[in-house]
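Visitor: Just dropping this structure here.
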Amino acid sequence: MSEECSQSCGSCGEECEDRKVDFSEQPHELSRIKKVIGVVSGKGGVGKSMVTSLMAVTMKRKGYNTAILDADITGPSIPKAFGIKEKAMPTELGIFPISSKTGIEIMSINLLLENDTDPVVWRGPIIANTVKQFWTDVIWGDVDYMFVDMPPGTGDVPLTVFQSLPVDGIIIVTSPQELVSMIVAKAVNMAKMMKIPVLGLVENMSYFECPDCDKKHYLFGESRIEEVAKQHGIELVAKMPIDSSLAGACDKGLIELFDNSWLDHIAEILAVSLEENTKENEEPSLKHL
């Protein structure tokens with residue numbers, strides 16, 4: 001603290017230790033979560049929840065224990081994509097997530113509401129606190145990768161997740177439109193402010209591939225996503241097409257059965273990071289031996 005500090009924290013630009021607040025929250029004592037990956041977008045309607053679901057499915061197929069924390073409280077869609085109708089019930093120990101058909105652990109507000117169509121008409125602080133409770137009160141068990149499906153934009157919930165959860169990195173989802181540069185910039189700048197690494201950029205609805213001639217049609221015009229990624233110094237990890245069979249799989253709750261390789265590259269990046277982290281944690285004990 002400055003010697004001339006007047007205790008009026010809006011009067012100077014200095015970063016005082018006394019003003020730093022730790023907002024981090026500990027997970028449930030029965031939860032052991034290795035990596036937390038946020039999936040974000042600058043605006044809605046770009047397929048962020050679909051990418052979140054596919055990432056969890058892809059990592060599960062590679063043999064990792066995966067989970068999804070659905071932080072999109074007012075627009076939850078994860079249970080629908082996985083065909084989950086069972087409700088999560090509180091116990092004396094905490095709340096257990098619901099397991100999907102292939103064993104992906106999922107917690108969403110729709111798993112607690114009496115009816116899936118009941119609206120969540122809550123103010124920001126209540127929504128943000130609910131997200132924190134999904135981290136602190138849910139018994140996740142052993143999880144290698146937890147994917148957090150965040151609502152679009154840079155509001156209360158993304159801020160709460162970045163401050164309260166140990167987020168290892170984020171994946172930004174966007175679409176091929178002229179506004180993409182500004183939208184991506186907002187997400188990247190928020191990540192920089194919160195000191196969260198950007199693991200990659202995914203462009204959804206990038207093109208449509210004709211099933212008859214196999215020709216790619218760019219319905220939104222030619223994409224500038226490579227230029228945008230280079231501008232911000234981040235990697236373009238996937239360009240996903242418009243695929244009616246994927247939309248149908250989500251609507252039927254069968255996303256786990258959908259076969260694709262679009263996100264294999266980012267999946268390999270995550271797998272390497274976990275292996276490196278595991279080796280680093282093992283080194284002290286090996287040296288001791």
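Labels for the structure tokens follow display order: chains A, B, ..., residues from 1 in each chain, ligands from 1.
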Taking only segment 52-188 of chain A into account, list the residues labelled helix (DSSP H, G or I) by DSSP (computed from the backbone), as a PyMOL selection string.
Guide: chain A and resi 52-61+78-82+109-111+124-136+156-164+180-188
Visitor: Excluding segment 235-249 of chain A and its own-chain neighbours fewer than 5 positions away, which residues fall within 8 Å of it when counting only C-alpha atoms? Please give them as number ranges by chain.
Guide: A: 81, 199-209, 225-226, 229-230, 254-255, 257-258, 262-263, 265-266
Visitor: Any chance you can output those residues with C-alpha atoms as a PDB file, in the first residue's frame?
Guide:
ATOM      1  CA  ALA A  81     -28.126 -33.206 -26.512  1.00  0.00           C
ATOM      2  CA  LEU A 199      -6.189 -22.972 -26.308  1.00  0.00           C
ATOM      3  CA  GLY A 200      -7.711 -22.539 -29.735  1.00  0.00           C
ATOM      4  CA  LEU A 201     -10.363 -21.092 -31.994  1.00  0.00           C
ATOM      5  CA  VAL A 202     -13.174 -23.203 -33.476  1.00  0.00           C
ATOM      6  CA  GLU A 203     -15.168 -21.918 -36.433  1.00  0.00           C
ATOM      7  CA  ASN A 204     -18.591 -23.555 -36.565  1.00  0.00           C
ATOM      8  CA  MET A 205     -20.920 -23.483 -39.594  1.00  0.00           C
ATOM      9  CA  SER A 206     -17.814 -22.861 -41.673  1.00  0.00           C
ATOM     10  CA  TYR A 207     -19.186 -24.437 -44.845  1.00  0.00           C
ATOM     11  CA  PHE A 208     -21.729 -26.867 -46.248  1.00  0.00           C
ATOM     12  CA  GLU A 209     -20.459 -29.935 -48.096  1.00  0.00           C
ATOM     13  CA  ILE A 225     -10.957 -16.901 -39.582  1.00  0.00           C
ATOM     14  CA  GLU A 226      -7.291 -17.676 -40.374  1.00  0.00           C
ATOM     15  CA  ALA A 229      -6.566 -16.189 -35.506  1.00  0.00           C
ATOM     16  CA  LYS A 230      -3.195 -14.876 -36.718  1.00  0.00           C
ATOM     17  CA  LEU A 254     -27.809 -39.050 -29.453  1.00  0.00           C
ATOM     18  CA  ILE A 255     -24.750 -36.810 -29.723  1.00  0.00           C
ATOM     19  CA  LEU A 257     -23.286 -41.759 -31.196  1.00  0.00           C
ATOM     20  CA  PHE A 258     -22.327 -39.103 -33.754  1.00  0.00           C
ATOM     21  CA  TRP A 262     -13.435 -32.339 -36.448  1.00  0.00           C
ATOM     22  CA  LEU A 263     -12.113 -31.749 -32.930  1.00  0.00           C
ATOM     23  CA  HIS A 265      -6.610 -31.774 -33.173  1.00  0.00           C
ATOM     24  CA  ILE A 266      -7.640 -29.811 -30.076  1.00  0.00           C
TER      25      ILE A 266
END
Visitor: Contacts of Asn115 of chain A at 12 Å or less, counting only C-alpha atoms, minus same-chain residues fewer than 4 places along, as a PyMOL selection string?
Guide: chain A and resi 85-87+109-111+119-120
Visitor: With C-alpha atoms retained, export the selected residues as a compact mmCIF listing (two decimals), in the first residue's frame.
Guide:
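Printed below is selection04.txt as written:
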# COMPACT_ATOMS: atom_id res chain seq x y z
CA LYS A 85 -34.32 -36.88 -18.57
CA GLU A 86 -33.35 -38.09 -15.10
CA LYS A 87 -33.22 -35.48 -12.34
CA ILE A 109 -29.90 -26.44 -14.06
CA ASN A 110 -32.38 -28.43 -16.14
CA LEU A 111 -31.47 -31.50 -14.07
CA PRO A 119 -37.82 -20.54 -17.23
CA VAL A 120 -35.00 -19.43 -14.95
Visitor: When you draw a straight line from atom CA of Gly253 of chain A to atom CA of Thr102 of chain A, how long is it in Å?
Guide: 12.5 Å
Visitor: DSSP on the backbone, strand (DSSP E or B) only: what residues of segment 57-281 of chain A does that give? Format it as JSON, numbers by chain.
Guide: {"A": [66, 67, 68, 69, 70, 90, 95, 98, 99, 105, 106, 107, 138, 142, 143, 144, 145, 146, 147, 148, 149, 169, 170, 171, 172, 173, 174, 198, 199, 200, 201, 202, 203, 208, 209, 216, 217, 236, 237, 238, 239]}
Visitor: Segment 104-145 of chain A near segment 42-57 of chain A within 12 Å: what's each residue's closest atom pair and its distance in Å to one decimal, counting only C-alpha atoms, ordered by chain then ascending residue number, as JSON lines?
Guide:
{"residue": "A:Ile104", "atom": "CA", "partner": "A:Ala56", "partner_atom": "CA", "distance": 7.3}
{"residue": "A:Glu105", "atom": "CA", "partner": "A:Ala56", "partner_atom": "CA", "distance": 9.5}
{"residue": "A:Ile106", "atom": "CA", "partner": "A:Ala56", "partner_atom": "CA", "distance": 10.1}
{"residue": "A:Ser108", "atom": "CA", "partner": "A:Ser49", "partner_atom": "CA", "distance": 12.0}
{"residue": "A:Val143", "atom": "CA", "partner": "A:Ala56", "partner_atom": "CA", "distance": 11.2}
{"residue": "A:Asp144", "atom": "CA", "partner": "A:Ala56", "partner_atom": "CA", "distance": 10.5}
{"residue": "A:Tyr145", "atom": "CA", "partner": "A:Ala56", "partner_atom": "CA", "distance": 7.8}
Visitor: Let me make sure I understand: among A:Ala71, A:Met89, A:Ile98, A:Leu112, which one has the smallest atom-to-atom distance to Asn129 of chain A if we use only C-alpha atoms?
Guide: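 The closest residue to Asn129 of chain A is A:Ala71.
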Visitor: Find the residues near Ile95 of chain A: any atom within 8 Å, counting only C-alpha atoms, skip ones fewer than 3 places away on the same chain, and give them as a list in words.
Guide: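 The neighbour list is Ala88, Met89, Pro90, Thr91, Asp137, Val138 and Ile139 of chain A.
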Visitor: Using only C-alpha atoms, which of A:Lys192, A:Lys80, A:Lys132, A:Lys101 sits nearest Thr117 of chain A?
Guide: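 Closest to Thr117 of chain A, using only C-alpha atoms: A:Lys80.
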Visitor: Applying 7 Å and only C-alpha atoms, which residues near Trp140 of chain A remain after dropping the ones on its own chain fewer than 5 positions away? List them as a ChimeraX atom specification.
Guide: /A:31,96-97
Visitor: Suppose you want the space between atom CA of Asp118 of chain A and atom CA of Thr174 of chain A; what is it in Å?
Guide: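 For atom CA of Asp118 of chain A relative to atom CA of Thr174 of chain A, the distance reads 28.4 Å.
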Visitor: To one decimal in Å, tell me the separation between atom CA of Phe147 of chain A and atom CA of Val180 of chain A.
Guide: 23.1 Å
Visitor: Residues at most 10 Å from Leu270 of chain A, counting only C-alpha atoms, excluding those fewer than 2 positions away in the same chain, as a list in words?
Guide: Lys35, Ile37, Met59, Tyr145, Gly169, Leu199, Asp264, His265, Ile266, Ala267, Glu268, Val272, Ser273, Leu274, Glu275 and Glu276 of chain A
Visitor: Give me the residues near Asp72 of chain A as a PyMOL selection string, where near means some atom within 12 Å (using only C-alpha atoms) and where sequence neighbours in that chain fewer than 5 positions away do not count.
Guide: chain A and resi 38-41+44+48-49+52+77-79+107-110+120+124+127-128+130-131+134+148-153+155-158+161
Visitor: Could you check the closest approach to Met193 of chain A for each of A:Pro27, A:Asp212, A:Ile68, A:Leu159 and tell me which residue wins, using only C-alpha atoms?
Guide: A:Leu159
